[in-house]
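Trainee: What follows is entry_19.txt, compact mmCIF, C-alpha atoms.
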# COMPACT_ATOMS: atom_id res chain seq x y z
CA MET A 1 88.98 56.42 78.65
CA ALA A 2 87.04 59.64 79.09
CA ALA A 3 87.36 61.28 82.48
CA THR A 4 84.25 61.85 84.56
CA VAL A 5 82.81 65.21 85.39
CA VAL A 6 80.21 65.35 88.14
CA VAL A 7 77.43 67.87 87.68
CA ALA A 8 75.17 68.74 90.61
CA VAL A 9 71.57 69.38 89.65
CA GLY A 10 70.18 69.72 93.14
CA ALA A 11 71.10 69.55 96.78
CA ALA A 12 70.27 65.87 96.98
CA GLU A 13 70.72 64.75 93.38
CA VAL A 14 74.06 64.36 91.65
CA ALA A 15 74.56 62.92 88.19
CA ALA A 16 77.83 61.60 86.81
CA VAL A 17 78.34 62.40 83.14
CA ALA A 18 81.21 61.28 80.93
CA ALA A 19 82.77 64.24 79.16
CA GLU A 20 85.61 64.90 76.75
CA PRO A 21 87.31 67.27 77.15
CA LEU A 22 87.12 68.18 80.82
CA PHE A 23 86.12 71.59 82.09
CA PRO A 24 89.13 73.93 82.29
CA GLY A 25 90.83 73.28 85.59
CA ALA A 26 90.41 69.51 85.77
CA PRO A 27 93.56 68.44 83.91
CA GLN A 28 93.60 65.40 81.68
CA GLY A 29 96.27 63.00 82.79
CA GLU A 30 95.27 63.41 86.44
CA PRO A 31 92.12 61.25 86.69
CA ASP A 32 91.75 61.75 90.44
CA ILE A 33 90.96 65.43 89.89
CA GLU A 34 87.33 66.31 89.18
CA ARG A 35 85.70 69.68 88.66
CA THR A 36 82.13 70.90 88.58
CA ASP A 37 80.93 74.39 87.74
CA LEU A 38 77.64 74.76 89.56
CA PRO A 39 74.75 76.72 87.99
CA SER A 40 75.19 79.38 90.65
CA GLY A 41 78.75 80.08 89.47
CA VAL A 42 80.56 78.34 92.34
CA ARG A 43 83.46 76.24 91.05
CA VAL A 44 84.17 72.97 92.87
CA ILE A 45 87.36 71.02 92.31
CA THR A 46 88.61 67.97 94.20
CA GLU A 47 91.46 65.51 94.16
CA ARG A 48 91.00 62.02 95.51
CA MET A 49 93.92 60.62 97.54
CA PRO A 50 92.80 57.10 98.58
CA GLU A 51 95.87 56.56 100.77
CA ALA A 52 95.40 59.76 102.80
CA ARG A 53 94.13 59.81 106.36
CA SER A 54 93.14 63.46 106.13
CA VAL A 55 90.98 65.70 104.02
CA SER A 56 91.71 69.36 103.39
CA VAL A 57 89.04 71.80 102.29
CA GLY A 58 89.48 75.38 101.18
CA MET A 59 87.10 78.09 100.12
CA TRP A 60 88.90 80.59 97.92
CA PHE A 61 87.58 84.00 96.95
CA ALA A 62 88.90 85.92 93.94
CA VAL A 63 89.14 89.19 95.82
CA GLY A 64 92.04 90.64 97.78
CA SER A 65 93.70 93.83 98.88
CA ARG A 66 94.17 95.16 95.34
CA ASP A 67 90.38 95.26 94.98
CA GLU A 68 89.90 97.76 97.82
CA SER A 69 89.65 101.51 97.60
CA ALA A 70 92.11 103.53 99.69
CA GLU A 71 89.31 104.41 102.14
CA ILE A 72 88.73 100.77 103.02
CA ALA A 73 92.30 99.51 102.63
CA GLY A 74 92.61 96.30 104.63
CA ALA A 75 88.95 95.31 104.25
CA SER A 76 89.77 91.84 102.87
CA HIS A 77 92.08 91.10 105.79
CA PHE A 78 89.64 92.59 108.32
CA LEU A 79 86.91 90.39 106.86
CA GLU A 80 89.16 87.34 107.02
CA HIS A 81 89.52 87.88 110.76
CA LEU A 82 85.83 88.52 111.32
CA LEU A 83 84.50 85.43 109.56
CA PHE A 84 86.03 83.25 112.28
CA LYS A 85 84.34 85.35 114.98
CA GLY A 86 81.11 83.46 114.44
CA THR A 87 77.79 83.09 112.66
CA ALA A 88 74.23 83.37 113.88
CA ASP A 89 74.47 79.81 115.26
CA ARG A 90 78.17 79.53 116.11
CA SER A 91 80.38 81.58 118.38
CA ALA A 92 84.12 81.96 117.82
CA ARG A 93 84.72 79.71 120.82
CA SER A 94 82.36 76.99 119.58
CA ILE A 95 84.06 77.01 116.17
CA SER A 96 87.50 76.60 117.75
CA MET A 97 86.33 73.89 120.14
CA ALA A 98 84.61 71.91 117.39
CA VAL A 99 87.78 71.87 115.27
CA ASP A 100 90.00 71.07 118.27
CA ALA A 101 87.70 68.22 119.28
CA VAL A 102 88.55 66.30 116.12
CA GLY A 103 92.24 67.23 116.03
CA GLY A 104 91.76 69.52 113.05
CA GLU A 105 93.33 72.73 111.80
CA LEU A 106 91.50 75.89 110.75
CA ASN A 107 93.13 78.93 109.22
CA ALA A 108 92.90 81.66 106.58
CA TYR A 109 95.06 84.20 104.79
CA THR A 110 94.68 87.31 102.66
CA ALA A 111 96.70 87.98 99.52
CA ARG A 112 96.64 90.82 97.04
CA GLU A 113 94.33 89.01 94.61
CA HIS A 114 92.52 86.38 96.66
CA THR A 115 91.49 85.35 100.15
CA ALA A 116 91.43 81.74 101.35
CA TYR A 117 89.79 79.91 104.26
CA HIS A 118 90.87 76.33 104.84
CA THR A 119 90.69 73.40 107.21
CA ARG A 120 92.41 70.03 107.52
CA LEU A 121 90.59 67.22 109.28
CA PRO A 122 90.47 63.45 109.70
CA VAL A 123 88.67 61.75 106.81
CA PRO A 124 85.41 61.03 108.70
CA GLU A 125 85.02 64.77 109.45
CA LEU A 126 84.83 65.91 105.81
CA ARG A 127 81.17 66.86 105.96
CA PHE A 128 81.68 68.71 109.23
CA GLY A 129 84.52 70.73 107.69
CA LEU A 130 82.51 71.58 104.59
CA ASP A 131 79.46 72.62 106.59
CA LEU A 132 81.58 74.70 108.96
CA LEU A 133 83.41 76.60 106.23
CA ALA A 134 80.23 77.15 104.23
CA ASP A 135 78.52 78.60 107.29
CA VAL A 136 81.48 80.77 108.25
CA VAL A 137 81.97 82.37 104.83
CA SER A 138 78.31 82.82 103.90
CA GLU A 139 76.56 83.66 107.18
CA PRO A 140 78.88 85.81 109.33
CA ALA A 141 77.22 87.52 112.28
CA PHE A 142 79.29 90.73 112.23
CA ARG A 143 78.48 91.49 115.88
CA PRO A 144 79.57 95.07 116.68
CA PRO A 145 81.52 94.18 119.88
CA GLU A 146 83.47 91.53 117.97
CA ILE A 147 84.23 93.95 115.13
CA ASP A 148 85.60 96.48 117.60
CA ALA A 149 87.69 93.85 119.39
CA GLU A 150 89.15 92.55 116.14
CA ARG A 151 89.82 96.09 115.00
CA ASP A 152 92.14 96.48 117.97
CA VAL A 153 93.85 93.18 117.13
CA ILE A 154 94.54 94.29 113.55
CA VAL A 155 95.86 97.67 114.65
CA GLU A 156 98.30 95.80 116.90
CA GLU A 157 99.25 93.63 113.92
CA ILE A 158 99.96 96.75 111.85
CA LEU A 159 102.06 98.25 114.64
CA MET A 160 103.99 95.00 115.02
CA SER A 161 104.75 95.01 111.28
CA GLU A 162 105.92 98.62 111.45
CA ASP A 163 108.21 97.71 114.35
CA THR A 164 109.74 94.82 112.39
CA PRO A 165 112.29 96.28 109.98
CA ASP A 166 112.49 93.26 107.69
CA ASP A 167 108.70 93.55 107.26
CA GLN A 168 108.80 97.32 106.87
CA VAL A 169 111.36 97.16 104.07
CA PHE A 170 108.98 95.11 101.91
CA THR A 171 105.98 97.28 102.73
CA THR A 172 107.93 100.33 101.59
CA LEU A 173 109.36 98.50 98.59
CA TYR A 174 105.93 97.61 97.21
CA GLU A 175 104.67 101.14 97.78
CA SER A 176 107.59 102.31 95.64
CA LEU A 177 107.30 99.62 92.97
CA PHE A 178 103.56 100.22 92.46
CA PRO A 179 103.03 103.86 93.53
CA ASP A 180 99.45 105.06 94.03
CA HIS A 181 98.15 101.62 93.08
CA PRO A 182 96.36 99.01 95.22
CA LEU A 183 99.11 96.45 94.56
CA GLY A 184 101.47 98.77 96.39
CA ARG A 185 99.42 98.82 99.57
CA GLU A 186 99.99 96.52 102.51
CA THR A 187 97.27 93.86 102.79
CA LEU A 188 96.79 94.82 106.45
CA GLY A 189 95.65 98.31 105.46
CA THR A 190 96.65 101.35 107.48
CA ARG A 191 95.91 102.29 111.04
CA ASP A 192 93.60 105.09 109.83
CA SER A 193 91.67 102.90 107.38
CA ILE A 194 91.11 100.15 109.95
CA GLU A 195 90.10 102.54 112.74
CA ASN A 196 87.65 104.36 110.45
CA MET A 197 86.12 101.28 108.81
CA GLY A 198 82.54 100.81 109.98
CA ARG A 199 80.37 97.72 110.15
CA ASP A 200 78.42 98.83 107.08
CA ASP A 201 81.65 99.06 105.07
CA ILE A 202 82.58 95.50 105.97
CA VAL A 203 79.09 94.12 105.34
CA THR A 204 78.96 95.83 101.95
CA PHE A 205 82.36 94.47 100.99
CA HIS A 206 81.26 90.94 101.93
CA ASP A 207 77.93 91.22 100.14
CA THR A 208 79.59 92.58 96.99
CA TRP A 209 82.48 90.19 96.54
CA TYR A 210 81.60 87.02 98.44
CA ARG A 211 79.31 85.90 95.64
CA PRO A 212 79.25 82.66 93.59
CA ALA A 213 81.18 84.13 90.64
CA ASN A 214 84.21 84.59 92.90
CA VAL A 215 84.06 81.32 94.88
CA VAL A 216 86.23 78.25 94.39
CA VAL A 217 85.75 75.25 96.68
CA ALA A 218 88.82 73.01 96.63
CA ALA A 219 89.25 69.75 98.51
CA ALA A 220 91.81 66.96 98.56
CA GLY A 221 92.17 63.73 100.48
CA ASN A 222 90.35 60.44 100.84
CA LEU A 223 87.03 61.79 99.58
CA ASP A 224 84.35 61.54 96.94
CA HIS A 225 83.65 64.48 94.66
CA SER A 226 79.90 63.99 95.02
CA GLU A 227 80.08 64.38 98.80
CA VAL A 228 81.72 67.77 98.42
CA LEU A 229 79.09 68.82 95.90
CA ASP A 230 76.24 67.80 98.18
CA ALA A 231 77.63 69.97 100.95
CA VAL A 232 78.20 73.15 98.93
CA VAL A 233 75.57 73.10 96.18
CA ASP A 234 73.54 75.74 98.01
CA LEU A 235 76.54 77.91 98.95
CA PHE A 236 75.57 81.52 98.16
CA ALA A 237 72.59 80.21 96.18
CA ASP A 238 70.44 83.13 97.31
CA GLY A 239 71.07 86.53 95.83
CA PRO A 240 72.89 87.70 92.69
CA PRO A 241 75.78 85.69 91.26
CA GLY A 242 78.09 88.70 91.46
CA GLN A 243 81.02 89.43 89.20
CA ALA A 244 84.79 89.36 89.28
CA PRO A 245 86.62 92.54 90.32
CA GLN A 246 87.65 94.85 87.49
CA ARG A 247 91.38 95.45 87.81
CA THR A 248 93.57 98.15 86.31
CA PRO A 249 97.31 97.56 85.87
CA PRO A 250 99.83 99.95 87.43
CA SER A 251 100.51 103.01 85.30
CA LEU A 252 102.98 105.17 87.24
CA ALA A 253 106.71 104.59 87.06
CA PRO A 254 108.40 103.01 90.11
CA VAL A 255 109.93 105.33 92.72
CA PRO A 256 113.72 104.82 92.57
CA LEU A 257 114.67 105.04 96.27
CA THR A 258 112.82 105.19 99.57
CA VAL A 259 114.58 105.41 102.93
CA VAL A 260 112.92 104.71 106.30
CA HIS A 261 114.87 105.76 109.38
CA ARG A 262 114.91 103.20 112.18
CA PRO A 263 117.50 103.04 115.01
CA THR A 264 118.44 99.45 114.16
CA GLU A 265 121.74 97.60 114.42
CA GLN A 266 121.26 96.06 110.99
CA ALA A 267 120.31 97.70 107.70
CA HIS A 268 117.59 96.04 105.65
CA VAL A 269 117.72 96.72 101.93
CA ALA A 270 115.52 95.41 99.14
CA MET A 271 115.28 96.18 95.46
CA ALA A 272 112.61 95.17 92.98
CA TRP A 273 111.79 95.20 89.30
CA ARG A 274 108.37 94.66 87.79
CA GLY A 275 108.10 91.04 86.77
CA LEU A 276 105.74 88.81 84.82
CA PRO A 277 101.98 88.14 85.15
CA PHE A 278 100.49 84.67 85.67
CA GLY A 279 99.91 83.96 82.01
CA ASP A 280 103.26 85.12 80.63
CA PRO A 281 104.99 82.31 78.71
CA ASP A 282 108.38 83.48 80.03
CA ARG A 283 107.48 82.80 83.67
CA HIS A 284 109.05 79.32 83.65
CA ALA A 285 112.32 80.76 82.38
CA LEU A 286 112.16 83.47 85.05
CA ASN A 287 111.67 80.89 87.80
CA LEU A 288 114.76 79.00 86.66
CA ALA A 289 116.72 82.26 86.41
CA ASN A 290 115.62 83.22 89.91
CA HIS A 291 116.89 79.98 91.38
CA VAL A 292 120.33 80.69 89.91
CA LEU A 293 120.24 84.31 91.06
CA GLY A 294 119.08 83.96 94.67
CA GLY A 295 116.51 81.21 95.07
CA GLY A 296 118.56 78.54 96.79
CA LEU A 297 121.71 77.65 98.72
CA SER A 298 123.67 77.15 95.50
CA SER A 299 122.52 80.47 94.05
CA ARG A 300 125.04 83.10 93.01
CA LEU A 301 123.84 85.65 95.55
CA PHE A 302 124.00 83.21 98.47
CA GLN A 303 127.39 81.90 97.50
CA GLU A 304 128.95 85.29 96.71
CA VAL A 305 127.33 87.49 99.37
CA ARG A 306 127.18 85.12 102.33
CA GLU A 307 129.55 82.21 101.75
CA GLU A 308 132.45 84.01 100.06
CA ARG A 309 132.30 87.51 101.57
CA GLY A 310 130.27 87.16 104.77
CA LEU A 311 128.34 90.34 103.95
CA ALA A 312 124.90 89.13 105.06
CA TYR A 313 123.21 86.40 107.05
CA THR A 314 120.11 86.50 104.84
CA VAL A 315 120.15 87.18 101.11
CA PHE A 316 117.66 85.95 98.53
CA SER A 317 115.64 86.75 95.43
CA SER A 318 111.99 85.93 94.78
CA PRO A 319 109.52 86.39 91.90
CA THR A 320 105.78 86.99 92.34
CA SER A 321 103.08 87.03 89.66
CA TYR A 322 99.70 88.78 89.54
CA ALA A 323 96.95 88.94 86.92
CA ASP A 324 98.54 91.75 84.93
CA THR A 325 102.03 92.32 86.31
CA GLY A 326 104.54 90.88 88.74
CA SER A 327 107.69 91.56 90.70
CA LEU A 328 111.21 90.25 91.16
CA VAL A 329 112.69 91.13 94.55
CA VAL A 330 116.22 90.93 95.93
CA TYR A 331 116.75 91.35 99.70
CA ALA A 332 119.69 91.35 102.10
CA GLY A 333 120.37 92.54 105.63
CA THR A 334 123.80 93.76 106.67
CA GLY A 335 125.63 96.27 108.89
CA PRO A 336 124.83 99.91 108.03
CA ASP A 337 128.45 100.64 107.12
CA ARG A 338 128.56 97.72 104.68
CA VAL A 339 125.50 98.59 102.58
CA ASP A 340 127.55 100.20 99.82
CA GLU A 341 129.82 97.16 99.55
CA LEU A 342 126.94 94.72 99.75
CA TRP A 343 124.93 96.25 96.96
CA ARG A 344 127.92 96.71 94.68
CA VAL A 345 128.40 92.95 94.97
CA VAL A 346 124.69 92.28 94.41
CA GLN A 347 124.61 94.54 91.36
CA GLY A 348 127.74 92.87 90.04
CA VAL A 349 126.10 89.45 90.31
CA ILE A 350 123.03 90.71 88.48
CA ASP A 351 125.06 92.42 85.76
CA ASP A 352 127.11 89.30 85.12
CA LEU A 353 124.00 87.13 84.99
CA VAL A 354 122.30 89.46 82.50
CA ALA A 355 125.40 89.77 80.34
CA HIS A 356 126.38 86.10 80.17
CA GLY A 357 123.33 84.09 81.24
CA ILE A 358 123.53 80.88 83.23
CA THR A 359 125.71 77.83 82.70
CA ASP A 360 124.67 74.34 81.67
CA GLU A 361 125.33 73.11 85.21
CA GLU A 362 123.26 75.90 86.76
CA HIS A 363 120.45 75.10 84.37
CA ARG A 364 120.59 71.43 85.36
CA VAL A 365 120.57 72.24 89.09
CA ALA A 366 117.73 74.76 88.76
CA LEU A 367 115.61 72.34 86.77
CA GLY A 368 116.26 69.58 89.30
CA TYR A 369 115.29 71.90 92.13
CA VAL A 370 112.02 72.88 90.45
CA GLU A 371 111.10 69.29 89.66
CA GLY A 372 112.02 67.98 93.09
CA SER A 373 110.32 70.75 95.05
CA MET A 374 107.19 70.40 92.92
CA HIS A 375 106.87 66.73 93.85
CA LEU A 376 107.84 67.20 97.50
CA GLY A 377 105.31 70.03 97.80
CA LEU A 378 102.42 67.71 96.96
CA GLU A 379 102.84 65.03 99.59
CA ASP A 380 99.86 65.90 101.82
CA SER A 381 96.23 66.80 101.35
CA GLY A 382 96.76 70.41 102.39
CA SER A 383 99.29 71.14 99.66
CA ARG A 384 97.19 69.32 97.06
CA MET A 385 94.13 71.36 98.03
CA ALA A 386 96.13 74.60 97.90
CA ARG A 387 97.37 73.77 94.42
CA LEU A 388 93.81 73.28 93.18
CA GLY A 389 92.35 76.33 94.89
CA SER A 390 95.09 78.79 94.03
CA SER A 391 95.25 77.64 90.40
CA VAL A 392 91.53 77.92 89.73
CA VAL A 393 90.99 81.17 91.63
CA SER A 394 93.93 82.80 89.83
CA ARG A 395 93.89 81.27 86.35
CA ASN A 396 90.72 79.15 86.19
CA GLU A 397 92.73 76.06 85.35
CA VAL A 398 94.95 73.43 86.91
CA VAL A 399 97.92 72.55 84.74
CA PRO A 400 98.92 68.87 85.10
CA ILE A 401 102.20 68.26 86.88
CA GLU A 402 103.69 66.59 83.82
CA GLU A 403 102.72 69.56 81.66
CA HIS A 404 104.35 71.92 84.17
CA LEU A 405 107.51 69.85 84.01
CA ARG A 406 107.41 69.70 80.21
CA ARG A 407 107.31 73.50 80.06
CA TYR A 408 110.26 73.80 82.43
CA ARG A 409 112.27 71.19 80.52
CA ALA A 410 111.66 73.13 77.31
CA VAL A 411 113.38 76.25 78.70
CA THR A 412 116.73 76.87 77.03
CA LEU A 413 119.76 78.87 78.17
CA HIS A 414 118.78 81.47 75.59
CA ASP A 415 115.28 81.71 77.10
CA VAL A 416 116.76 82.35 80.54
CA GLN A 417 119.10 85.09 79.35
CA ARG A 418 116.29 86.71 77.32
CA VAL A 419 113.94 86.89 80.31
CA LEU A 420 116.73 88.23 82.53
CA ARG A 421 117.36 91.04 80.07
CA ARG A 422 113.64 91.65 79.75
CA VAL A 423 113.06 92.05 83.50
CA PHE A 424 116.28 93.81 84.50
CA SER A 425 116.03 96.31 81.64
CA GLY A 426 113.09 97.92 83.42
CA PRO A 427 113.28 100.54 86.18
CA ARG A 428 113.91 99.37 89.71
CA SER A 429 112.76 100.46 93.15
CA VAL A 430 115.00 100.32 96.20
CA SER A 431 113.91 100.43 99.84
CA ALA A 432 116.27 100.82 102.80
CA VAL A 433 115.31 100.60 106.48
CA GLY A 434 117.92 101.40 109.09
CA PRO A 435 119.82 104.19 110.85
CA PHE A 436 119.97 106.36 107.74
CA SER A 437 118.94 109.82 106.67
CA ALA A 438 117.51 110.31 103.18
CA ASP A 439 120.84 111.69 101.93
CA ASP A 440 123.12 109.33 103.86
CA PRO A 441 126.31 108.82 101.80
CA ARG A 442 126.32 105.15 102.78
CA LEU A 443 123.31 104.71 100.51
CA GLY A 444 124.96 106.29 97.48
CA VAL A 445 125.18 103.08 95.49
CA LEU A 446 121.46 102.47 95.88
CA ALA A 447 120.57 105.74 94.22
CA SER A 448 122.79 105.16 91.19
The structure in this file should be written as structure tokens.
Mentor:
Amino acid sequence: MAATVVVAVGAAEVAAVAAEPLFPGAPQGEPDIERTDLPSGVRVITERMPEARSVSVGMWFAVGSRDESAEIAGASHFLEHLLFKGTADRSARSISMAVDAVGGELNAYTAREHTAYHTRLPVPELRFGLDLLADVVSEPAFRPPEIDAERDVIVEEILMSEDTPDDQVFTTLYESLFPDHPLGRETLGTRDSIENMGRDDIVTFHDTWYRPANVVVAAAGNLDHSEVLDAVVDLFADGPPGQAPQRTPPSLAPVPLTVVHRPTEQAHVAMAWRGLPFGDPDRHALNLANHVLGGGLSSRLFQEVREERGLAYTVFSSPTSYADTGSLVVYAGTGPDRVDELWRVVQGVIDDLVAHGITDEEHRVALGYVEGSMHLGLEDSGSRMARLGSSVVSRNEVVPIEEHLRRYRAVTLHDVQRVLRRVFSGPRSVSAVGPFSADDPRLGVLAS
């Protein structure tokens, strides 16, 4: 049976048309997912969950901190804060009270390549949530007193991050991994960029990037696709359609070692290699390899560093993908006098993994973890909505769950070892935050 794609032809008129194949992003094999690409350029994707008592709606924009110039670093995050400060017809207080009055949730976040605004509400409040988000993202008031007040809030957020060593170590690490590149900048921006950013800068950023070509509306829950279309068909209908940001991959080599002096009791150390972009066919093998390295309680790093040697309370590894590159990070916190020992152990674990690969049992456990966490992560409307929105805004498609699992099941031990050698053969960056000088002998192993 052919799946149904709903195409909106007007604010009040919606036609259902049978189509084969579906638009990219509405995966065959998941009939409850429907997608419509509106004439304006706005992409709308929904998943019906008849058993759910909630609906979750998100408006995702394909612009983030990597799309900012250095002069307006932090503009995406600043804008994220400001959109909840109100529109011409709604104050920040009235927005909060309206959501609270129905027991809902309203939030947003800024990433390096996208920004998302989302709400979760009882089923009868779907239209309210859609109308609220559409108003907030398309008609912000940008009142000068509210901009100045939020500027102070963000500066405090930056200062808080700088005072938190296990945040600072990652900020410094990314600056080293992607030097002089927007991916290396903190999404919050800098104190100088936020303090010097004027209202006109923010308005221009919004007018440039918050256009139909960059908008994905995602919703999941006990809903009808046509109801979502009716509510958003006119979203950003006035004005130019806009275009996606033009992105340039990092070109400079990573900085080997960066040390930040802080009078802390614990040393925070992280190292990173450039990883794989979203579309790389090796990314499934890398995810399995990461679970064995430091992605779970049974991982080699957790077992060797914490359970066997007691060298750290927290130790983990984590991969991240972007449009044209990625990262693989390893982090641990330990006493300043144990850094050398800690990182010799970490490097030994990595070397052994690269040289010999993973075992059959580790492969089985990693695959089981991926499959189980994938299913457990899709139990509520919020996680279903996030899957749709993040997939379409990043890759313009939603891969069916069964296809995801097929790709993971197809990964062999050879694939895992090959991707480990591929990633770890590249240069690494190391960041250390603690009571160290730049030439502290306790950091000798990190510079080797």
Trainee: With all atoms listed in the file as the basis for distance, which of A:Gln347, A:Ser40, A:Ser161, A:Gln303 is at the shortest distance from A:Pro240?
Mentor: A:Ser40
Trainee: If I take atom CA of A:Arg191 and atom CA of A:Met271, how far is one from the other in Å, to one decimal?
Mentor: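 Calculated distance between atom CA of A:Arg191 and atom CA of A:Met271 is 25.6 Å.
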Trainee: Rounded to one decimal place, report the atom CA of A:Val416-atom CA of A:Ala285 distance in Å.
Mentor: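 Here the two named atoms are 5.1 Å from each other.
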Trainee: Any idea what the distance is between atom CA of A:Ala438 and atom CA of A:Val346?
Mentor: 21.3 Å
Trainee: For A:Val339, which residue among A:Val354, A:Leu405, A:Leu286, A:Ala267 is the nearest when counting only C-alpha atoms?
Mentor: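 Closest to A:Val339 of all the choices is A:Ala267.
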Trainee: Hey, which of A:Glu397, A:Tyr117, A:Pro124, A:Gly357 ends up closest to A:Arg418? Count only C-alpha atoms.
Mentor: A:Gly357
Trainee: Counting only C-alpha atoms, which of A:Glu175, A:Glu125, A:Asp163, A:Asp89 gets nearest to A:Gly103?
Mentor: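 With only C-alpha atoms as the atom set, the closest residue is A:Glu125.
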Trainee: Measuring atom to atom with all atoms listed in the file, identify which of A:Val99, A:Val169, A:Pro319, A:Ala75 is nearest to A:Asp200.
Mentor: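 Using all atoms listed in the file, A:Asp200 sits closest to A:Ala75.
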